[in-house]
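*Asks:* Below is the file data-v3.cif, with mmCIF, C-alpha atoms.
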data_start
#
loop_
_atom_site.label_atom_id
_atom_site.label_comp_id
_atom_site.auth_asym_id
_atom_site.auth_seq_id
_atom_site.Cartn_x
_atom_site.Cartn_y
_atom_site.Cartn_z
CA MET X 1 10.23 33.25 39.54
CA ASN X 2 11.30 29.68 40.33
CA ILE X 3 8.83 26.85 39.93
CA GLY X 4 9.60 23.88 42.15
CA LEU X 5 8.85 20.27 41.40
CA ASN X 6 8.83 19.08 44.98
CA TRP X 7 5.16 18.14 44.65
CA LEU X 8 5.81 15.69 41.80
CA PRO X 9 6.99 12.60 43.79
CA GLU X 10 4.06 12.90 46.23
CA THR X 11 1.57 13.29 43.37
CA ALA X 12 2.97 10.34 41.44
CA TYR X 13 2.92 8.20 44.58
CA LEU X 14 -0.72 9.03 45.37
CA TYR X 15 -1.78 8.55 41.75
CA MET X 16 -0.14 5.12 41.58
CA LEU X 17 -1.90 4.07 44.78
CA ILE X 18 -5.26 5.07 43.32
CA PHE X 19 -4.56 3.45 39.97
CA ALA X 20 -3.45 0.18 41.63
CA ARG X 21 -6.94 -0.30 43.06
CA VAL X 22 -9.05 1.34 40.35
CA GLY X 23 -7.22 -0.32 37.45
CA THR X 24 -7.47 -3.77 39.01
CA MET X 25 -11.16 -3.35 39.79
CA LEU X 26 -12.08 -2.05 36.35
CA MET X 27 -10.20 -4.88 34.64
CA LEU X 28 -12.47 -7.39 36.42
CA MET X 29 -15.73 -5.52 36.96
CA PRO X 30 -18.69 -6.36 34.68
CA ALA X 31 -19.30 -4.10 31.68
CA PHE X 32 -15.93 -2.30 31.99
CA GLY X 33 -13.73 -5.39 32.21
CA GLU X 34 -15.14 -7.40 29.31
CA SER X 35 -12.66 -8.95 26.91
CA LEU X 36 -14.77 -7.51 24.06
CA ILE X 37 -13.37 -4.08 24.94
CA PRO X 38 -9.79 -3.57 23.71
CA SER X 39 -7.17 -3.61 26.46
CA ARG X 40 -5.88 -0.16 25.53
CA MET X 41 -9.34 1.35 25.91
CA ARG X 42 -9.79 -0.28 29.32
CA LEU X 43 -6.35 0.90 30.42
CA GLY X 44 -6.99 4.42 29.16
CA PHE X 45 -10.32 4.60 30.95
CA ALA X 46 -8.76 3.31 34.19
CA LEU X 47 -6.04 5.98 33.98
CA ALA X 48 -8.61 8.71 33.31
CA PHE X 49 -10.94 7.58 36.09
CA SER X 50 -8.02 7.43 38.52
CA MET X 51 -7.31 11.06 37.64
CA VAL X 52 -10.96 11.94 38.33
CA LEU X 53 -10.79 10.26 41.74
CA PHE X 54 -7.43 11.82 42.62
CA PRO X 55 -8.70 15.04 44.26
CA LEU X 56 -11.44 13.10 46.10
CA VAL X 57 -9.36 10.23 47.44
CA SER X 58 -5.82 11.57 47.81
CA PRO X 59 -6.48 13.42 51.13
CA HIS X 60 -7.36 10.07 52.72
CA LEU X 61 -4.24 8.22 51.53
CA PRO X 62 -1.10 7.77 53.65
CA PRO X 63 1.44 10.50 52.76
CA LEU X 64 4.72 9.58 51.13
CA GLY X 65 6.79 11.14 53.92
CA GLN X 66 5.63 8.49 56.40
CA SER X 67 6.63 5.50 54.21
CA ASN X 68 9.87 3.98 53.04
CA ILE X 69 10.29 1.95 49.85
CA PHE X 70 9.03 -1.22 51.50
CA GLY X 71 6.03 0.59 52.93
CA VAL X 72 5.16 1.97 49.49
CA LEU X 73 5.41 -1.49 47.90
CA GLY X 74 3.30 -2.94 50.69
CA LEU X 75 0.59 -0.31 50.11
CA LEU X 76 0.63 -0.94 46.36
CA ILE X 77 0.26 -4.69 46.86
CA GLN X 78 -2.54 -4.12 49.35
CA GLU X 79 -4.42 -1.87 46.92
CA VAL X 80 -4.04 -4.46 44.15
CA ILE X 81 -5.43 -7.15 46.48
CA VAL X 82 -8.41 -4.94 47.35
CA GLY X 83 -9.04 -4.38 43.64
CA LEU X 84 -8.86 -8.12 42.99
CA ILE X 85 -11.31 -8.87 45.80
CA LEU X 86 -13.91 -6.30 44.74
CA GLY X 87 -13.45 -6.93 41.01
CA THR X 88 -13.93 -10.66 41.50
CA LEU X 89 -17.08 -10.00 43.52
CA GLY X 90 -18.37 -7.92 40.61
CA ARG X 91 -17.58 -10.76 38.21
CA PHE X 92 -19.46 -13.20 40.44
CA MET X 93 -22.59 -11.02 40.19
CA VAL X 94 -23.02 -11.51 36.45
CA SER X 95 -22.55 -15.29 36.60
CA SER X 96 -26.31 -15.65 37.11
CA THR X 97 -26.86 -15.28 33.35
CA GLN X 98 -24.73 -18.35 32.64
CA THR X 99 -26.55 -20.29 35.35
CA ALA X 100 -29.92 -19.34 33.88
CA GLY X 101 -28.77 -19.96 30.31
CA THR X 102 -27.43 -23.43 31.15
CA ILE X 103 -30.70 -24.44 32.82
CA ILE X 104 -32.80 -23.03 29.96
CA ALA X 105 -30.64 -24.75 27.34
CA PHE X 106 -30.95 -28.07 29.18
CA GLN X 107 -34.74 -27.78 29.35
CA LEU X 108 -34.99 -26.93 25.65
CA GLY X 109 -32.64 -29.71 24.53
CA LEU X 110 -29.94 -27.26 23.47
CA SER X 111 -27.37 -28.02 26.15
CA MET X 112 -24.93 -29.41 23.58
CA ALA X 113 -25.00 -26.16 21.58
CA GLN X 114 -22.00 -24.42 23.14
CA THR X 115 -19.79 -21.60 21.95
CA ALA X 116 -17.03 -19.46 23.45
CA ASP X 117 -18.47 -16.92 25.87
CA PRO X 118 -16.96 -13.50 24.99
CA THR X 119 -17.77 -12.18 28.47
CA GLN X 120 -15.79 -14.96 30.22
CA ASN X 121 -12.50 -14.75 28.30
CA GLY X 122 -13.57 -17.32 25.72
CA MET X 123 -14.67 -20.10 28.09
CA GLN X 124 -17.16 -22.57 26.63
CA GLY X 125 -20.75 -21.96 27.66
CA ALA X 126 -24.30 -22.73 26.59
CA LEU X 127 -25.41 -20.70 23.59
CA ILE X 128 -28.40 -19.24 25.42
CA GLY X 129 -26.21 -18.36 28.41
CA ASN X 130 -23.78 -16.49 26.15
CA PHE X 131 -26.69 -14.60 24.62
CA LEU X 132 -28.04 -13.63 28.05
CA SER X 133 -24.56 -12.49 29.13
CA LEU X 134 -24.22 -10.19 26.13
CA VAL X 135 -27.73 -8.79 26.59
CA GLY X 136 -27.01 -8.23 30.28
CA ILE X 137 -23.83 -6.26 29.56
CA MET X 138 -25.67 -4.17 26.95
CA LEU X 139 -28.51 -3.41 29.40
CA ILE X 140 -26.06 -2.36 32.12
CA PHE X 141 -24.87 0.43 29.82
CA ALA X 142 -28.35 1.18 28.42
CA THR X 143 -29.89 1.62 31.90
CA ASP X 144 -26.89 3.58 33.29
CA LEU X 145 -26.09 0.92 35.87
CA HIS X 146 -22.44 1.43 34.96
CA HIS X 147 -22.66 4.70 36.90
CA LEU X 148 -23.43 2.61 39.97
CA ILE X 149 -20.36 0.49 39.26
CA LEU X 150 -18.17 3.61 39.20
CA ALA X 151 -19.82 4.81 42.42
CA ALA X 152 -19.01 1.44 43.99
CA VAL X 153 -15.34 1.92 43.04
CA TYR X 154 -15.32 5.25 44.87
CA SER X 155 -17.23 3.88 47.87
CA SER X 156 -14.68 1.10 48.25
CA TYR X 157 -12.32 3.64 49.87
CA GLU X 158 -14.76 3.94 52.77
CA THR X 159 -15.02 0.17 53.24
CA PHE X 160 -11.36 -0.75 52.60
CA VAL X 161 -9.38 2.17 54.00
CA PRO X 162 -5.93 2.44 52.38
CA GLY X 163 -3.31 1.27 54.82
CA GLY X 164 -5.88 -0.44 57.03
CA LEU X 165 -6.75 -4.09 57.53
CA LEU X 166 -7.84 -6.11 54.50
CA MET X 167 -10.79 -7.74 56.32
CA LEU X 168 -10.31 -11.05 54.52
CA ASP X 169 -12.88 -12.83 56.69
CA ASP X 170 -15.59 -10.31 55.82
CA SER X 171 -14.57 -10.47 52.16
CA ALA X 172 -14.89 -14.25 52.12
CA THR X 173 -18.33 -14.04 53.76
CA LEU X 174 -19.41 -11.43 51.22
CA ALA X 175 -18.09 -13.57 48.35
CA VAL X 176 -20.12 -16.57 49.54
CA SER X 177 -23.21 -14.36 49.79
CA VAL X 178 -22.71 -12.94 46.27
CA VAL X 179 -22.16 -16.38 44.71
CA ALA X 180 -25.20 -17.83 46.49
CA SER X 181 -27.33 -14.88 45.43
CA ALA X 182 -26.17 -15.18 41.80
CA PHE X 183 -27.07 -18.89 41.76
CA VAL X 184 -30.51 -18.23 43.28
CA ILE X 185 -31.24 -15.45 40.80
CA GLY X 186 -30.08 -17.66 37.92
CA VAL X 187 -32.50 -20.42 38.98
CA GLN X 188 -35.31 -17.87 39.39
CA MET X 189 -34.64 -16.49 35.91
CA ALA X 190 -34.95 -20.01 34.49
CA ALA X 191 -37.91 -21.03 36.70
CA PRO X 192 -40.57 -20.77 33.92
CA PHE X 193 -38.53 -23.11 31.75
CA ILE X 194 -38.12 -25.60 34.58
CA VAL X 195 -41.92 -25.71 34.87
CA PHE X 196 -42.23 -25.91 31.08
CA GLY X 197 -39.79 -28.83 30.95
CA LEU X 198 -41.59 -30.72 33.72
CA VAL X 199 -45.01 -30.29 32.09
CA PHE X 200 -43.77 -31.04 28.57
CA TYR X 201 -41.86 -34.19 29.48
CA LEU X 202 -44.70 -35.37 31.72
CA GLY X 203 -47.03 -35.06 28.75
CA LEU X 204 -44.55 -36.93 26.55
CA GLY X 205 -44.30 -39.70 29.13
CA ILE X 206 -48.07 -40.13 29.23
CA LEU X 207 -48.21 -40.06 25.42
CA ALA X 208 -45.46 -42.68 25.22
CA ARG X 209 -47.50 -44.98 27.45
CA LEU X 210 -50.57 -44.47 25.28
CA MET X 211 -48.65 -44.96 22.00
CA PRO X 212 -45.70 -47.27 22.78
CA GLN X 213 -45.11 -48.05 19.10
CA VAL X 214 -44.13 -44.42 18.36
CA GLN X 215 -40.78 -42.90 19.39
CA VAL X 216 -42.51 -39.95 21.04
CA PHE X 217 -39.44 -38.26 22.48
CA PHE X 218 -37.64 -38.11 19.12
CA VAL X 219 -40.76 -36.91 17.30
CA ALA X 220 -41.53 -34.23 19.91
CA MET X 221 -38.00 -32.85 20.20
CA PRO X 222 -38.51 -30.19 17.48
CA ALA X 223 -41.71 -29.12 19.23
CA ASN X 224 -39.80 -28.82 22.50
CA ILE X 225 -37.20 -26.55 20.93
CA GLY X 226 -39.78 -24.49 19.00
CA LEU X 227 -42.14 -23.95 21.94
CA GLY X 228 -39.21 -23.26 24.23
CA LEU X 229 -37.80 -20.58 21.96
CA VAL X 230 -41.22 -18.93 21.65
CA LEU X 231 -41.52 -18.93 25.45
CA PHE X 232 -37.99 -17.55 25.71
CA ALA X 233 -38.87 -14.68 23.37
CA PHE X 234 -41.96 -13.77 25.42
CA LEU X 235 -40.14 -13.95 28.78
CA LEU X 236 -36.84 -12.33 27.81
CA THR X 237 -37.93 -8.87 29.01
CA SER X 238 -39.01 -10.16 32.41
CA ILE X 239 -35.89 -12.30 32.79
CA MET X 240 -33.51 -9.42 32.09
CA GLY X 241 -35.52 -7.04 34.27
CA TRP X 242 -35.08 -9.45 37.19
CA TYR X 243 -31.38 -9.69 36.37
CA LEU X 244 -30.92 -5.91 36.41
CA LEU X 245 -32.65 -5.67 39.80
CA HIS X 246 -30.21 -8.28 41.09
CA ILE X 247 -27.18 -6.36 39.79
CA GLU X 248 -28.45 -3.10 41.27
CA SER X 249 -29.12 -4.62 44.70
CA GLN X 250 -25.70 -6.29 44.80
CA LEU X 251 -23.89 -3.08 43.85
CA ILE X 252 -25.79 -1.14 46.51
CA MET X 253 -24.85 -3.81 49.07
CA ILE X 254 -21.16 -3.48 48.17
CA MET X 255 -21.36 0.31 48.30
CA GLY X 256 -22.90 0.06 51.73
CA GLY X 257 -20.11 -2.21 52.88
#
Could the structure of this file be written out as C-alpha cells, please?
*Replies:*
Amino acid sequence: MNIGLNWLPETAYLYMLIFARVGTMLMLMPAFGESLIPSRMRLGFALAFSMVLFPLVSPHLPPLGQSNIFGVLGLLIQEVIVGLILGTLGRFMVSSTQTAGTIIAFQLGLSMAQTADPTQNGMQGALIGNFLSLVGIMLIFATDLHHLILAAVYSSYETFVPGGLLMLDDSATLAVSVVASAFVIGVQMAAPFIVFGLVFYLGLGILARLMPQVQVFFVAMPANIGLGLVLFAFLLTSIMGWYLLHIESQLIMIMGG
C-alpha cells in the first residue's frame, strides 16, 4: 500500500495562514501577549491554538491550487495585518488601568512614584497604574475572561474573511471607539479619587486661610497619602469589577463585528 504526501503542501499552506493571524493576535492581545510570559511559551501556545482552529477554519480559507507564490505571500501579509489590527485593539482595551492609575496617583500625591510597567514592555508608568494592570491581567485569567479572548480570535474569521477586503475604515472607527471607551472607563474607575482630591484640597485651602502661619499643604501631605491608600484599599474590588465589565463588553463587541 502506497501512502501519498500530496496533502502535505496544502496542509502546511493552510496552517501557515491560520498561524499568521492567530500568532500575531496572541502576541498583542491582553493576558496572552504580556511580556511577563516567556516568548517560547507564547509561541508554543500560538502554534497549539492554530492547530486547534485548523479543522474549524481551514474549509473557509482560499485553497492553494487557486494561488501562485505572490498570491500566497499576499494572503500571509493580509493575515498578519488583520492580526495586528485586532491585537492592537485588544491592547487598547487594557489601557484604562494606566489611565485610572495615573489619575489616582496624581490625586494621592504619588504621581512621581513611577516604575517600569511589565505589561507595557517596560514603559514607565505610575506605580498604582502598574499595580492595577497586573491585578487586571490576573483577574482576566481568574474569571475565565481569557476564554472570551480565544473566542474573539475564532470569531475574527467571520468579520475579516481571509482573502477579502481589510475594511481599514471600519477598523479605524472601531479603534477610535475602543480608545475613547478605555479613557472613559479609566476616568470612571478613578472618579471617587477625583472627588476625594477636590474635597481634601478644598479643606486644605480653607484651613490655610484660617491658619496662614502654618504650611498646611506640607503638613497634610502624609494624611493625603494615608487616607487615599485606605480609600484605594476599600474601593479596589469595585474598581476592578468595573474594569472586568468593560473588558467583557469590548470583547463581545469585537466578536459581534
*Asks:* Starting from the point (-38.8, -25.3, 34.3), work out which residues of protein, DNA or RNA have an atom no more than 12 Å away when counting only C-alpha atoms; state them as a list of chain:residue names.
*Replies:* X:Ala100, X:Thr102, X:Ile103, X:Ile104, X:Ala105, X:Phe106, X:Gln107, X:Leu108, X:Val187, X:Gln188, X:Met189, X:Ala190, X:Ala191, X:Pro192, X:Phe193, X:Ile194, X:Val195, X:Phe196, X:Gly197, X:Leu198, X:Val199, X:Phe200, X:Tyr201, X:Leu202, X:Gly228, X:Leu231, X:Phe232
*Asks:* The PyMOL selection byres ((chain X and resi 27) around 10) on the file shown: which residues, as a PyMOL selection string?
*Replies:* chain X and resi 22-26+28-35+39+42-43+46+83-84+87-88
*Asks:* Emit the selected residues as a PDB file, in the frame of the given file, including C-alpha atoms.
*Replies:*
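See selection.pdb below for the written result:
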ATOM      1  CA  VAL X  22      -9.050   1.340  40.350  1.00  0.00           C
ATOM      2  CA  GLY X  23      -7.220  -0.320  37.450  1.00  0.00           C
ATOM      3  CA  THR X  24      -7.470  -3.770  39.010  1.00  0.00           C
ATOM      4  CA  MET X  25     -11.160  -3.350  39.790  1.00  0.00           C
ATOM      5  CA  LEU X  26     -12.080  -2.050  36.350  1.00  0.00           C
ATOM      6  CA  LEU X  28     -12.470  -7.390  36.420  1.00  0.00           C
ATOM      7  CA  MET X  29     -15.730  -5.520  36.960  1.00  0.00           C
ATOM      8  CA  PRO X  30     -18.690  -6.360  34.680  1.00  0.00           C
ATOM      9  CA  ALA X  31     -19.300  -4.100  31.680  1.00  0.00           C
ATOM     10  CA  PHE X  32     -15.930  -2.300  31.990  1.00  0.00           C
ATOM     11  CA  GLY X  33     -13.730  -5.390  32.210  1.00  0.00           C
ATOM     12  CA  GLU X  34     -15.140  -7.400  29.310  1.00  0.00           C
ATOM     13  CA  SER X  35     -12.660  -8.950  26.910  1.00  0.00           C
ATOM     14  CA  SER X  39      -7.170  -3.610  26.460  1.00  0.00           C
ATOM     15  CA  ARG X  42      -9.790  -0.280  29.320  1.00  0.00           C
ATOM     16  CA  LEU X  43      -6.350   0.900  30.420  1.00  0.00           C
ATOM     17  CA  ALA X  46      -8.760   3.310  34.190  1.00  0.00           C
ATOM     18  CA  GLY X  83      -9.040  -4.380  43.640  1.00  0.00           C
ATOM     19  CA  LEU X  84      -8.860  -8.120  42.990  1.00  0.00           C
ATOM     20  CA  GLY X  87     -13.450  -6.930  41.010  1.00  0.00           C
ATOM     21  CA  THR X  88     -13.930 -10.660  41.500  1.00  0.00           C
TER      22      THR X  88
END
*Asks:* Near stretch 130-134 of chain X, within 6 Å and counting all atoms listed in the file, which residues show up once chain neighbours fewer than 2 positions away are dropped, as number ranges by chain?
*Replies:* X: 97, 117, 127-128, 136-137
*Asks:* Atom CA of X:Leu148 and atom CA of X:Leu251 are how many Å apart?
*Replies:* 6.9 Å
*Asks:* Take the PyMOL selection byres ((chain X and resi 156) around 12), run it mentally on this structure, and tell me the resulting residues as a PyMOL selection string.
*Replies:* chain X and resi 18+21-22+25+53+57+79+82-83+85-87+149-155+157-162+166+251-257
*Asks:* In Å, how far is it from atom CA of X:Phe183 to atom CA of X:Thr99?
*Replies:*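 These two atoms are separated by 6.6 Å.
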*Asks:* Just the number, please: distance in Å from atom CA of X:Asp169 to atom CA of X:Gln98, one decimal.
*Replies:* 27.4 Å
*Asks:* What residues come out when you apply the PyMOL selection byres ((chain X and resi 68-75) around 12) to this file, written as a ChimeraX atom specification?
*Replies:* /X:10,12-14,16-21,61-67,76-82,161-166
*Asks:* If I wrap all listed atoms of stretch 82-100 of chain X in a box with edges along x, y and z and add 3 Å on each side, what are its centre and edge lengths in Å to one decimal, as JSON?
*Replies:*
{"center_x": -19.2, "center_y": -12.3, "center_z": 40.0, "size_x": 27.5, "size_y": 21.9, "size_z": 20.7}
*Asks:* Excluding X:Gln250 and any residue of its chain fewer than 6 positions from it, enumerate the residues within 9 Å of it, using only C-alpha atoms, and give them as a list of chain:residue names.
*Replies:* X:Gly90, X:Met93, X:Val178, X:Ser181
*Asks:* Which residue, X:Leu8, X:Leu89, X:Ala180, X:Leu245, has the smallest gap to X:Ile140 when you use all atoms listed in the file?
*Replies:*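 For X:Ile140, the nearest of the given residues is X:Leu245.
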